[in-house]
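Below is entry-v2.tsv, which holds TSV, C-alpha atoms and all ligand atoms.
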chain	number	residue	atom	x	y	z
A	1	MET	CA	134.63	88.09	59.35
A	2	ALA	CA	131.66	86.11	60.72
A	3	ILE	CA	128.69	85.86	58.37
A	4	ASP	CA	126.48	87.91	60.74
A	5	ALA	CA	129.04	90.72	60.93
A	6	GLN	CA	129.47	90.83	57.17
A	7	ALA	CA	125.71	90.93	56.57
A	8	VAL	CA	125.30	93.73	59.14
A	9	GLN	CA	128.08	95.87	57.69
A	10	GLU	CA	126.76	95.40	54.15
A	11	HIS	CA	123.30	96.45	55.27
A	12	TYR	CA	124.31	99.56	57.22
A	13	GLY	CA	127.41	100.79	55.36
A	14	GLN	CA	126.35	104.02	53.62
A	15	PRO	CA	129.06	106.14	51.99
A	16	ALA	CA	129.27	109.90	52.64
A	17	LEU	CA	126.65	109.69	55.39
A	18	LEU	CA	128.09	112.54	57.45
A	19	ASP	CA	128.12	114.88	54.44
A	20	ALA	CA	124.50	113.98	53.66
A	21	ILE	CA	123.44	114.65	57.26
A	22	LEU	CA	125.26	117.99	57.46
A	23	ALA	CA	123.86	119.09	54.09
A	24	ALA	CA	120.32	118.21	55.20
A	25	LEU	CA	120.77	120.14	58.45
A	26	GLU	CA	122.02	123.20	56.59
A	27	ARG	CA	119.19	122.96	54.10
A	28	SER	CA	116.72	123.03	56.98
A	29	GLY	CA	118.32	126.23	58.30
A	30	LYS	CA	120.41	124.79	61.16
A	31	ASP	CA	123.73	126.40	62.03
A	32	ILE	CA	126.27	123.55	62.07
A	33	ALA	CA	128.48	125.52	64.48
A	34	HIS	CA	125.65	125.61	67.04
A	35	LEU	CA	123.95	122.26	66.69
A	36	ALA	CA	121.79	120.90	69.51
A	37	ALA	CA	121.48	117.16	70.12
A	38	ASP	CA	117.72	117.44	69.49
A	39	ASP	CA	118.36	118.78	65.96
A	40	LEU	CA	119.70	115.35	65.01
A	41	ALA	CA	116.86	113.21	66.33
A	42	PRO	CA	115.19	112.60	62.93
A	43	VAL	CA	118.30	110.72	61.79
A	44	ASP	CA	120.31	109.62	64.83
A	45	GLU	CA	117.55	107.77	66.73
A	46	PHE	CA	117.60	104.77	64.42
A	47	HIS	CA	115.02	102.48	65.97
A	48	THR	CA	111.28	101.99	66.25
A	49	ARG	CA	109.56	105.36	66.98
A	50	GLY	CA	112.84	107.26	67.37
A	51	ARG	CA	113.32	109.73	70.22
A	52	PRO	CA	109.98	109.11	72.02
A	53	ALA	CA	110.93	105.44	72.40
A	54	THR	CA	114.31	106.41	73.87
A	55	VAL	CA	112.62	108.70	76.39
A	56	GLU	CA	110.20	105.91	77.37
A	57	LEU	CA	112.94	103.29	77.72
A	58	ALA	CA	115.03	105.60	79.92
A	59	ARG	CA	111.98	106.14	82.16
A	60	LEU	CA	111.28	102.41	82.32
A	61	LEU	CA	114.89	101.98	83.40
A	62	ARG	CA	114.62	104.75	86.02
A	63	LEU	CA	118.02	106.22	85.23
A	64	THR	CA	119.32	108.47	87.98
A	65	GLY	CA	122.36	109.99	86.25
A	66	GLY	CA	125.23	108.39	88.13
A	67	GLU	CA	125.30	105.30	85.97
A	68	GLN	CA	128.12	104.23	83.70
A	69	VAL	CA	126.28	103.13	80.54
A	70	LEU	CA	127.29	100.96	77.58
A	71	ASP	CA	125.15	101.49	74.47
A	72	LEU	CA	125.63	98.29	72.47
A	73	GLY	CA	125.00	98.77	68.76
A	74	CYS	CA	124.93	102.54	69.24
A	75	GLY	CA	124.51	103.40	65.55
A	76	LEU	CA	124.94	107.13	64.98
A	77	GLY	CA	124.94	107.63	68.74
A	78	GLY	CA	121.73	109.62	69.25
A	79	PRO	CA	120.39	107.60	72.21
A	80	ALA	CA	123.80	107.78	73.93
A	81	ARG	CA	123.87	111.57	73.51
A	82	HIS	CA	120.29	111.86	74.76
A	83	ILE	CA	121.05	109.83	77.89
A	84	ALA	CA	124.25	111.80	78.54
A	85	GLN	CA	122.56	115.14	78.08
A	86	SER	CA	119.27	114.43	79.87
A	87	TYR	CA	120.57	112.38	82.80
A	88	GLY	CA	124.25	113.26	83.02
A	89	CYS	CA	125.38	109.63	82.60
A	90	ARG	CA	128.75	108.83	81.12
A	91	VAL	CA	128.08	106.66	78.04
A	92	ILE	CA	130.27	104.50	75.83
A	93	GLY	CA	128.77	103.45	72.50
A	94	LEU	CA	130.02	100.38	70.65
A	95	ASP	CA	129.01	99.52	67.09
A	96	LEU	CA	130.03	97.01	64.46
A	97	THR	CA	129.65	99.41	61.51
A	98	PRO	CA	132.84	101.51	61.25
A	99	GLY	CA	131.20	104.37	59.31
A	100	PHE	CA	128.54	104.81	62.01
A	101	VAL	CA	131.17	105.15	64.74
A	102	VAL	CA	132.98	107.88	62.79
A	103	VAL	CA	129.72	109.80	62.28
A	104	ALA	CA	128.69	109.30	65.93
A	105	ALA	CA	131.96	110.79	67.19
A	106	ARG	CA	131.73	113.77	64.84
A	107	LEU	CA	128.11	114.46	65.84
A	108	ALA	CA	129.11	114.30	69.53
A	109	ALA	CA	131.78	116.93	68.89
A	110	LEU	CA	129.38	119.13	66.92
A	111	THR	CA	126.84	119.00	69.78
A	112	ARG	CA	129.58	119.55	72.41
A	113	LEU	CA	128.77	116.25	74.15
A	114	ASP	CA	132.11	114.60	73.44
A	115	ALA	CA	133.24	114.84	77.07
A	116	LYS	CA	130.28	112.68	78.13
A	117	VAL	CA	130.13	110.14	75.30
A	118	ASP	CA	132.72	108.02	73.61
A	119	TYR	CA	132.19	105.78	70.57
A	120	ARG	CA	134.17	102.72	69.56
A	121	GLN	CA	134.00	100.16	66.80
A	122	GLY	CA	133.52	96.59	67.93
A	123	ASP	CA	131.32	93.52	68.13
A	124	ALA	CA	128.66	93.18	70.83
A	125	LEU	CA	129.51	89.46	70.98
A	126	ALA	CA	133.11	90.12	72.08
A	127	THR	CA	133.42	93.58	73.57
A	128	PRO	CA	136.77	95.03	74.68
A	129	PHE	CA	135.53	95.80	78.22
A	130	SER	CA	136.54	94.22	81.54
A	131	ASP	CA	134.15	92.17	83.64
A	132	ALA	CA	131.68	94.16	85.73
A	133	SER	CA	132.51	97.55	84.25
A	134	PHE	CA	129.02	99.03	83.62
A	135	ASP	CA	125.91	99.78	85.69
A	136	VAL	CA	123.70	99.71	82.61
A	137	VAL	CA	123.88	98.08	79.21
A	138	TRP	CA	121.45	99.60	76.73
A	139	SER	CA	120.54	98.38	73.26
A	140	GLN	CA	117.81	99.50	70.91
A	141	ASN	CA	116.97	97.51	67.79
A	142	VAL	CA	120.27	95.66	67.69
A	143	ALA	CA	119.66	92.06	68.81
A	144	MET	CA	117.52	91.55	65.69
A	145	ASN	CA	120.81	91.39	63.74
A	146	ILE	CA	122.37	88.84	66.09
A	147	ALA	CA	121.77	85.10	65.72
A	148	ASP	CA	123.78	84.01	68.73
A	149	ARG	CA	121.60	85.40	71.51
A	150	PRO	CA	123.08	83.19	74.25
A	151	ARG	CA	126.49	84.68	73.50
A	152	LEU	CA	125.12	88.24	73.29
A	153	TYR	CA	123.34	87.97	76.64
A	154	ALA	CA	126.34	86.24	78.26
A	155	GLU	CA	128.56	89.12	77.12
A	156	ILE	CA	126.12	91.71	78.49
A	157	HIS	CA	125.97	89.77	81.77
A	158	ARG	CA	129.77	89.68	81.93
A	159	VAL	CA	130.30	93.44	81.55
A	160	LEU	CA	127.50	94.39	83.98
A	161	ARG	CA	128.20	94.91	87.66
A	162	PRO	CA	126.19	92.73	90.08
A	163	ASN	CA	122.60	94.08	90.08
A	164	GLY	CA	123.41	96.01	86.92
A	165	ARG	CA	120.61	96.34	84.41
A	166	TYR	CA	120.12	95.69	80.72
A	167	ALA	CA	117.59	97.93	78.92
A	168	LEU	CA	116.43	96.67	75.55
A	169	SER	CA	114.07	97.46	72.74
A	170	ASP	CA	113.62	94.84	70.06
A	171	VAL	CA	111.42	93.95	67.18
A	172	VAL	CA	110.14	90.46	68.00
A	173	ALA	CA	108.63	87.66	65.90
A	174	ARG	CA	104.85	87.34	66.35
A	175	THR	CA	103.83	84.65	64.15
A	176	ALA	CA	101.63	82.42	62.79
A	177	GLY	CA	102.50	84.57	59.74
A	178	GLY	CA	105.89	83.03	58.81
A	179	GLU	CA	108.64	84.82	56.88
A	180	LEU	CA	108.87	88.61	56.96
A	181	HIS	CA	108.51	90.79	53.92
A	182	PHE	CA	112.00	92.10	53.12
A	183	PRO	CA	113.70	94.59	53.03
A	184	VAL	CA	113.04	95.91	56.57
A	185	PRO	CA	115.02	98.63	58.40
A	186	TRP	CA	117.41	96.15	60.03
A	187	ALA	CA	117.94	93.77	57.09
A	188	ARG	CA	117.52	93.61	53.34
A	189	GLU	CA	117.36	89.82	53.36
A	190	PRO	CA	116.73	86.99	55.83
A	191	ARG	CA	120.41	86.22	56.48
A	192	ALA	CA	120.81	89.49	58.49
A	193	SER	CA	117.55	89.15	60.44
A	194	HIS	CA	117.31	87.02	63.59
A	195	LEU	CA	114.05	87.77	65.39
A	196	LEU	CA	112.94	85.84	68.47
A	197	THR	CA	109.47	85.79	69.98
A	198	ASP	CA	108.85	87.65	73.25
A	199	ASP	CA	108.90	84.39	75.17
A	200	ALA	CA	112.10	83.18	73.53
A	201	THR	CA	113.76	86.54	74.27
A	202	ARG	CA	112.74	86.42	77.93
A	203	SER	CA	113.84	82.78	78.27
A	204	ALA	CA	117.22	83.47	76.65
A	205	LEU	CA	117.77	86.35	79.08
A	206	GLU	CA	116.76	84.25	82.07
A	207	ARG	CA	119.04	81.41	80.99
A	208	ALA	CA	121.92	83.93	80.78
A	209	GLY	CA	121.40	84.93	84.43
A	210	PHE	CA	118.95	87.85	84.25
A	211	SER	CA	115.64	88.42	85.95
A	212	ILE	CA	113.08	90.44	84.01
A	213	VAL	CA	112.07	93.54	86.01
A	214	ALA	CA	109.97	95.35	83.36
A	215	TRP	CA	108.46	94.24	80.06
A	216	GLU	CA	106.19	96.32	77.84
A	217	ASP	CA	104.56	95.48	74.55
A	218	THR	CA	104.81	98.69	72.49
A	219	THR	CA	103.53	97.17	69.23
A	220	ALA	CA	100.38	99.29	69.00
A	221	LYS	CA	102.39	102.51	69.19
A	222	ALA	CA	104.95	101.18	66.72
A	223	ARG	CA	102.28	100.18	64.24
A	224	ALA	CA	100.53	103.56	64.56
A	225	ALA	CA	103.85	105.31	63.81
A	226	ALA	CA	104.44	103.04	60.81
A	227	GLU	CA	100.91	103.78	59.50
A	228	GLU	CA	101.60	107.50	59.78
A	229	ARG	CA	105.02	107.31	58.16
A	230	ALA	CA	103.85	105.20	55.22
A	231	HIS	CA	102.00	108.26	53.84
A	232	VAL	CA	105.05	110.52	54.00
A	233	ILE	CA	107.46	110.60	51.08
A	234	PRO	CA	110.61	112.32	52.38
A	235	SER	CA	112.09	114.94	50.07
A	236	PRO	CA	115.50	113.70	48.88
A	237	GLY	CA	117.75	116.10	50.82
A	238	SER	CA	115.74	116.21	54.05
A	239	LEU	CA	116.94	114.85	57.39
A	240	GLY	CA	115.67	111.36	58.14
A	241	LEU	CA	116.34	107.65	58.21
A	242	HIS	CA	116.15	107.57	54.41
A	243	LEU	CA	119.67	109.08	54.47
A	244	ILE	CA	120.89	105.92	56.20
A	245	LEU	CA	118.81	103.37	54.35
A	246	GLY	CA	119.12	104.82	50.86
A	247	SER	CA	116.93	104.47	47.84
A	248	ASP	CA	114.97	101.43	48.99
A	249	TRP	CA	113.54	103.44	51.91
A	250	PRO	CA	110.00	103.49	50.36
A	251	ALA	CA	110.04	99.68	50.05
A	252	ILE	CA	111.44	99.33	53.60
A	253	SER	CA	108.77	101.61	55.02
A	254	ALA	CA	105.96	99.80	53.17
A	255	ASN	CA	107.21	96.35	54.24
A	256	LEU	CA	107.50	97.40	57.86
A	257	LEU	CA	103.86	98.43	57.88
A	258	ARG	CA	102.81	95.25	56.09
A	259	ASN	CA	104.67	93.13	58.63
A	260	TYR	CA	102.84	94.92	61.47
A	261	ARG	CA	99.45	94.66	59.78
A	262	GLU	CA	99.89	90.94	59.17
A	263	GLU	CA	101.07	90.50	62.77
A	264	ARG	CA	104.40	89.06	61.72
A	265	ILE	CA	106.28	91.39	64.08
A	266	GLY	CA	105.82	93.17	67.40
A	267	VAL	CA	107.99	95.49	69.50
A	268	ILE	CA	108.99	95.17	73.14
A	269	HIS	CA	110.75	97.33	75.69
A	270	GLY	CA	112.32	95.55	78.63
A	271	VAL	CA	114.62	95.86	81.60
A	272	ALA	CA	116.49	92.81	82.88
A	273	LYS	CA	118.60	92.73	86.03
A	274	ARG	CA	121.83	90.81	86.38
A	275	VAL	CA	121.35	88.34	89.22
A	301	LIG	C1	118.88	99.67	63.70
A	301	LIG	S1	120.47	100.20	64.15
A	301	LIG	C2	120.18	100.86	65.78
A	301	LIG	C3	121.22	101.88	66.19
A	301	LIG	C4	121.03	102.51	67.56
A	301	LIG	N1	120.89	101.49	68.59
A	301	LIG	C5	119.83	103.42	67.58
A	301	LIG	O1	118.82	103.01	68.15
A	301	LIG	O2	119.90	104.53	67.06
A	301	LIG	C6	121.26	98.65	64.56
A	301	LIG	C7	122.72	98.83	64.88
A	301	LIG	O3	123.23	97.64	65.44
A	301	LIG	C8	124.57	97.50	65.01
A	301	LIG	N2	124.96	96.09	65.18
A	301	LIG	C9	124.40	95.00	64.64
A	301	LIG	N3	125.04	93.89	65.05
A	301	LIG	C10	126.02	94.28	65.90
A	301	LIG	C11	127.02	93.61	66.64
A	301	LIG	N4	127.17	92.27	66.60
A	301	LIG	N5	127.84	94.35	67.42
A	301	LIG	C12	127.73	95.71	67.48
A	301	LIG	N6	126.81	96.40	66.76
A	301	LIG	C13	125.96	95.71	65.98
A	301	LIG	C14	124.53	97.97	63.56
A	301	LIG	O4	125.80	98.30	63.06
A	301	LIG	C15	123.60	99.17	63.69
A	301	LIG	O5	124.30	100.34	63.97
Transcribe the structure of this file into C-alpha cells.
Amino acid sequence: MAIDAQAVQEHYGQPALLDAILAALERSGKDIAHLAADDLAPVDEFHTRGRPATVELARLLRLTGGEQVLDLGCGLGGPARHIAQSYGCRVIGLDLTPGFVVVAARLAALTRLDAKVDYRQGDALATPFSDASFDVVWSQNVAMNIADRPRLYAEIHRVLRPNGRYALSDVVARTAGGELHFPVPWAREPRASHLLTDDATRSALERAGFSIVAWEDTTAKARAAAEERAHVIPSPGSLGLHLILGSDWPAISANLLRNYREERIGVIHGVAKRV
C-alpha cells in the first residue's frame, strides 16, 4: 500500500463506529427504524463547518438535480445523501477507508436513500470509473490527505464529462507560520497532511485542465465555528465527530483553533470547470 494510503487508513480507521453512532442516536431519542438523513449530520458531515458548508458548496455549484455526481473521499457519506435528497442527483461515493464505506452504505439504507446513493471503497488517485462518466466531482476536506495533487486533479479531469465541474472544499496552508500543530482532524502527524496554499491549489487545477469558475475564502466562518466548538466538551456517548476521531478529540479541536488563530491554515470553497 502506498505510504499516503496507509497513513490515511491508520488515521481514520475507527473500530465499531457504526455501533457507536447507532447507540448515540438511540440515546438522543431517535428511532433507528425511522431515521432521517438530517439526524446524522452531527457525525456524517465530516468537514469544516459540517452541514452548512455542504449547503453552501452545493449552492456555489448551482446543482440542478439531473447531475451524475461522484463524491471523492465520501467518508460516512453524509454530503452524498444530502445532495441526493435535496437535489435528486444520483451520487456515487468513493473512499479509501473500508470501515467508512461500510458505515456509509448502512446509513444510506437506514435513511432509505440507498436507491440514490452508492458507496465503494477505492483510491481517488486511481478510481474504477470510465472516462467522462460524471457531470460533477465533489470532494470536501479530502485533498489535504493527498500529496500527489497533479495525479488527483488529472483523475478528476479524466472522469468528468466535457464542461463537467469539480466542487471542492479544502483546508489550505496560509503561512508565514510554518508547521501545523498536530493532531488535526485530517491527520495526527505531518506524514498524512499535504496542504497547499490557495494559489498553489488553483495553479495545480489550471495545469490539470480546469478553469476556476468560483472561489470563496471561508476562513472567517471556519475560525468562528472552531472558536465556538473549543468551549464544548462533548459527552462521551453523544453524536459527533468525536466518535470518529476518538479520545484525542479535545487535542484535535484545540489545535485546529490554534492553527486558525496563528493563521497557519485557511479554508476555501471552489468550483472548477473541465475545459
Ligand atoms: C475529513 S474526511 C471527509 C469525508 C467526507 N468528504 C465528508 O466531508 O464528510 C476525509 C476523507 O478522505 C478520505 N480519503 C483520503 N485520501 C483518500 C484517497 N486517496 N482516496 C479516497 N479517499 C481518501 C478518507 O478516508 C476520509 O474519509
May I have the protein, DNA and RNA residues with an atom at most 10 Å from (104.0, 104.6, 62.1), counting only C-alpha atoms in the file's coordinates, returned as a PyMOL selection string?
-> chain A and resi 48-49+220-231+253+256-257+260
So that each row is one residue of chain A with an atom at most 7 Å from ligand LIG 301 (chain A), can you give its shortest atom pair and the distance in Å to one decimal, using only C-alpha atoms and all ligand atoms, rows by chain and rising number, as CSV?
residue,atom,partner,partner_atom,distance
A:Ala5,CA,A:LIG301,N4,6.2
A:Val8,CA,A:LIG301,C9,5.7
A:Gln9,CA,A:LIG301,O4,6.3
A:Tyr12,CA,A:LIG301,O4,6.2
A:Asp44,CA,A:LIG301,O2,5.6
A:Glu45,CA,A:LIG301,O2,4.0
A:Phe46,CA,A:LIG301,O2,3.5
A:His47,CA,A:LIG301,O1,4.4
A:Leu72,CA,A:LIG301,C12,6.0
A:Gly73,CA,A:LIG301,N6,3.6
A:Cys74,CA,A:LIG301,N1,4.2
A:Gly75,CA,A:LIG301,O5,3.5
A:Leu76,CA,A:LIG301,O2,6.0
A:Gly77,CA,A:LIG301,O2,6.2
A:Gly78,CA,A:LIG301,O2,5.8
A:Pro79,CA,A:LIG301,O2,6.0
A:Leu94,CA,A:LIG301,C12,6.1
A:Asp95,CA,A:LIG301,N6,3.8
A:Leu96,CA,A:LIG301,N6,4.0
A:Thr97,CA,A:LIG301,O4,4.3
A:Phe100,CA,A:LIG301,O5,6.5
A:Gly122,CA,A:LIG301,C12,5.9
A:Asp123,CA,A:LIG301,N5,3.6
A:Ala124,CA,A:LIG301,N5,3.7
A:Leu125,CA,A:LIG301,N4,5.7
A:Ser139,CA,A:LIG301,N1,5.6
A:Gln140,CA,A:LIG301,N1,4.3
A:Asn141,CA,A:LIG301,C1,5.0
A:Val142,CA,A:LIG301,O3,4.2
A:Ala143,CA,A:LIG301,N3,6.8
A:Asn145,CA,A:LIG301,N3,5.1
A:Ile146,CA,A:LIG301,N3,5.8
A:Pro185,CA,A:LIG301,C1,6.6
A:Trp186,CA,A:LIG301,C1,5.3
Quick one: residues within 8 Å of segment 248-251 of chain A, all atoms listed in the file counted, chain neighbours fewer than 6 positions away excluded, as a list in words?
->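 Counting only the stated atoms, we get Pro183, Ile233 and His242 of chain A.
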Which polymer residues have any atom within 9 Å of an atom of Leu40 of chain A, counting only C-alpha atoms, with same-chain residues fewer than 2 positions away left out, as a CSV table (one decimal) with C-alpha atoms, in the coordinates of the input?
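The result, stored in around_19.csv:
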chain,number,residue,atom,x,y,z
A,21,ILE,CA,123.4,114.6,57.3
A,25,LEU,CA,120.8,120.1,58.4
A,35,LEU,CA,124.0,122.3,66.7
A,36,ALA,CA,121.8,120.9,69.5
A,37,ALA,CA,121.5,117.2,70.1
A,38,ASP,CA,117.7,117.4,69.5
A,42,PRO,CA,115.2,112.6,62.9
A,43,VAL,CA,118.3,110.7,61.8
A,44,ASP,CA,120.3,109.6,64.8
A,45,GLU,CA,117.6,107.8,66.7
A,78,GLY,CA,121.7,109.6,69.2
A,107,LEU,CA,128.1,114.5,65.8
A,239,LEU,CA,116.9,114.8,57.4
A,240,GLY,CA,115.7,111.4,58.1
Pick out the closest residue to Leu63 of chain A from this set: A:Ala41, A:Ala254, A:Val172, A:Ala167. Count all atoms listed in the file.
-> A:Ala167
Selected residue of minimal separation from Arg207 of chain A among A:Leu168, A:Arg151, A:Ser238, A:Glu179, counting all atoms listed in the file |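 Between A:Leu168, A:Arg151, A:Ser238, A:Glu179, the residue approaching Arg207 of chain A most closely is A:Arg151.
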Within 12 Å of Ile32 of chain A using only C-alpha atoms, minus same-chain residues under 5 positions, as a PyMOL selection string | chain A and resi 19+21-27+37+39-40+106-107+109-112
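Ranking A:Gly246, A:Pro236, A:Pro15, A:Gly164 by their shortest atom-to-atom distance to Lys273 of chain A, with all atoms listed in the file included, puts A:Gly164 first.
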Interatomic distance between atom CA of Ala147 of chain A and atom CA of His181 of chain A?
->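 Atom CA of Ala147 of chain A sits 18.6 Å away from atom CA of His181 of chain A.
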I'd like the contact shell of Val159 of chain A - 12 Å cut-off, only C-alpha atoms, skipping same-chain residues fewer than 6 positions apart - returned as a PDB file with C-alpha atoms, in the frame of the given file.
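Generated file (selection_27.pdb):
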ATOM      1  CA  GLN A  68     128.120 104.230  83.700  1.00  0.00           C
ATOM      2  CA  VAL A  69     126.280 103.130  80.540  1.00  0.00           C
ATOM      3  CA  LEU A  70     127.290 100.960  77.580  1.00  0.00           C
ATOM      4  CA  ASP A  71     125.150 101.490  74.470  1.00  0.00           C
ATOM      5  CA  LEU A  72     125.630  98.290  72.470  1.00  0.00           C
ATOM      6  CA  ALA A 124     128.660  93.180  70.830  1.00  0.00           C
ATOM      7  CA  LEU A 125     129.510  89.460  70.980  1.00  0.00           C
ATOM      8  CA  ALA A 126     133.110  90.120  72.080  1.00  0.00           C
ATOM      9  CA  THR A 127     133.420  93.580  73.570  1.00  0.00           C
ATOM     10  CA  PRO A 128     136.770  95.030  74.680  1.00  0.00           C
ATOM     11  CA  PHE A 129     135.530  95.800  78.220  1.00  0.00           C
ATOM     12  CA  SER A 130     136.540  94.220  81.540  1.00  0.00           C
ATOM     13  CA  ASP A 131     134.150  92.170  83.640  1.00  0.00           C
ATOM     14  CA  ALA A 132     131.680  94.160  85.730  1.00  0.00           C
ATOM     15  CA  SER A 133     132.510  97.550  84.250  1.00  0.00           C
ATOM     16  CA  PHE A 134     129.020  99.030  83.620  1.00  0.00           C
ATOM     17  CA  ASP A 135     125.910  99.780  85.690  1.00  0.00           C
ATOM     18  CA  VAL A 136     123.700  99.710  82.610  1.00  0.00           C
ATOM     19  CA  VAL A 137     123.880  98.080  79.210  1.00  0.00           C
ATOM     20  CA  TRP A 138     121.450  99.600  76.730  1.00  0.00           C
ATOM     21  CA  LEU A 152     125.120  88.240  73.290  1.00  0.00           C
ATOM     22  CA  TYR A 153     123.340  87.970  76.640  1.00  0.00           C
ATOM     23  CA  ARG A 165     120.610  96.340  84.410  1.00  0.00           C
ATOM     24  CA  TYR A 166     120.120  95.690  80.720  1.00  0.00           C
ATOM     25  CA  ARG A 274     121.830  90.810  86.380  1.00  0.00           C
TER      26      ARG A 274
END
Rounded to one decimal in Å, what is the spacing between atom CA of Ile268 of chain A and atom CA of Ala204 of chain A?
-> 14.7 Å
Name the residues within 12 Å of (121.1, 113.8, 82.1), counting all atoms listed in the file in the file's coordinates, and put them as a list in words.
->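 In the file's frame, the residues around the point are Val55, Ala58, Arg59, Arg62, Leu63, Thr64, Gly65, Gly66, Glu67, Gln68, Val69, Pro79, Ala80, Arg81, His82, Ile83, Ala84, Gln85, Ser86, Tyr87, Gly88, Cys89, Arg90, Val91, Leu113, Lys116 and Val117 of chain A.
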Would you output that residue set with C-alpha atoms, as a short mmCIF file (atom, residue, chain, number, x, y, z; two decimals), in the frame of the given file?
data_model
loop_
_atom_site.label_atom_id
_atom_site.label_comp_id
_atom_site.auth_asym_id
_atom_site.auth_seq_id
_atom_site.Cartn_x
_atom_site.Cartn_y
_atom_site.Cartn_z
CA VAL A 55 112.62 108.70 76.39
CA ALA A 58 115.03 105.60 79.92
CA ARG A 59 111.98 106.14 82.16
CA ARG A 62 114.62 104.75 86.02
CA LEU A 63 118.02 106.22 85.23
CA THR A 64 119.32 108.47 87.98
CA GLY A 65 122.36 109.99 86.25
CA GLY A 66 125.23 108.39 88.13
CA GLU A 67 125.30 105.30 85.97
CA GLN A 68 128.12 104.23 83.70
CA VAL A 69 126.28 103.13 80.54
CA PRO A 79 120.39 107.60 72.21
CA ALA A 80 123.80 107.78 73.93
CA ARG A 81 123.87 111.57 73.51
CA HIS A 82 120.29 111.86 74.76
CA ILE A 83 121.05 109.83 77.89
CA ALA A 84 124.25 111.80 78.54
CA GLN A 85 122.56 115.14 78.08
CA SER A 86 119.27 114.43 79.87
CA TYR A 87 120.57 112.38 82.80
CA GLY A 88 124.25 113.26 83.02
CA CYS A 89 125.38 109.63 82.60
CA ARG A 90 128.75 108.83 81.12
CA VAL A 91 128.08 106.66 78.04
CA LEU A 113 128.77 116.25 74.15
CA LYS A 116 130.28 112.68 78.13
CA VAL A 117 130.13 110.14 75.30
#
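In this comparison, which uses all atoms listed in the file, the residue of A:Asn259, A:Gly178, A:Phe210, A:Ala104 approaching Leu17 of chain A most closely is A:Ala104.
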Rank A:Leu60, A:Ile252, A:Leu241, A:Ala192 by their smallest atom-to-atom distance to Glu10 of chain A, using only C-alpha atoms, and report the top residue only.
->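 Among the listed residues, A:Ala192 lies closest to Glu10 of chain A.
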To one decimal place, how far is atom CA of Leu245 of chain A from atom CA of Thr197 of chain A in Å?
->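 Taking atom CA of Leu245 of chain A and atom CA of Thr197 of chain A, their separation equals 25.3 Å.
Ranking A:Val103, A:Val213, A:Arg158, A:Ala53 by their shortest atom-to-atom distance to Val267 of chain A, with all atoms listed in the file included, puts A:Ala53 first.
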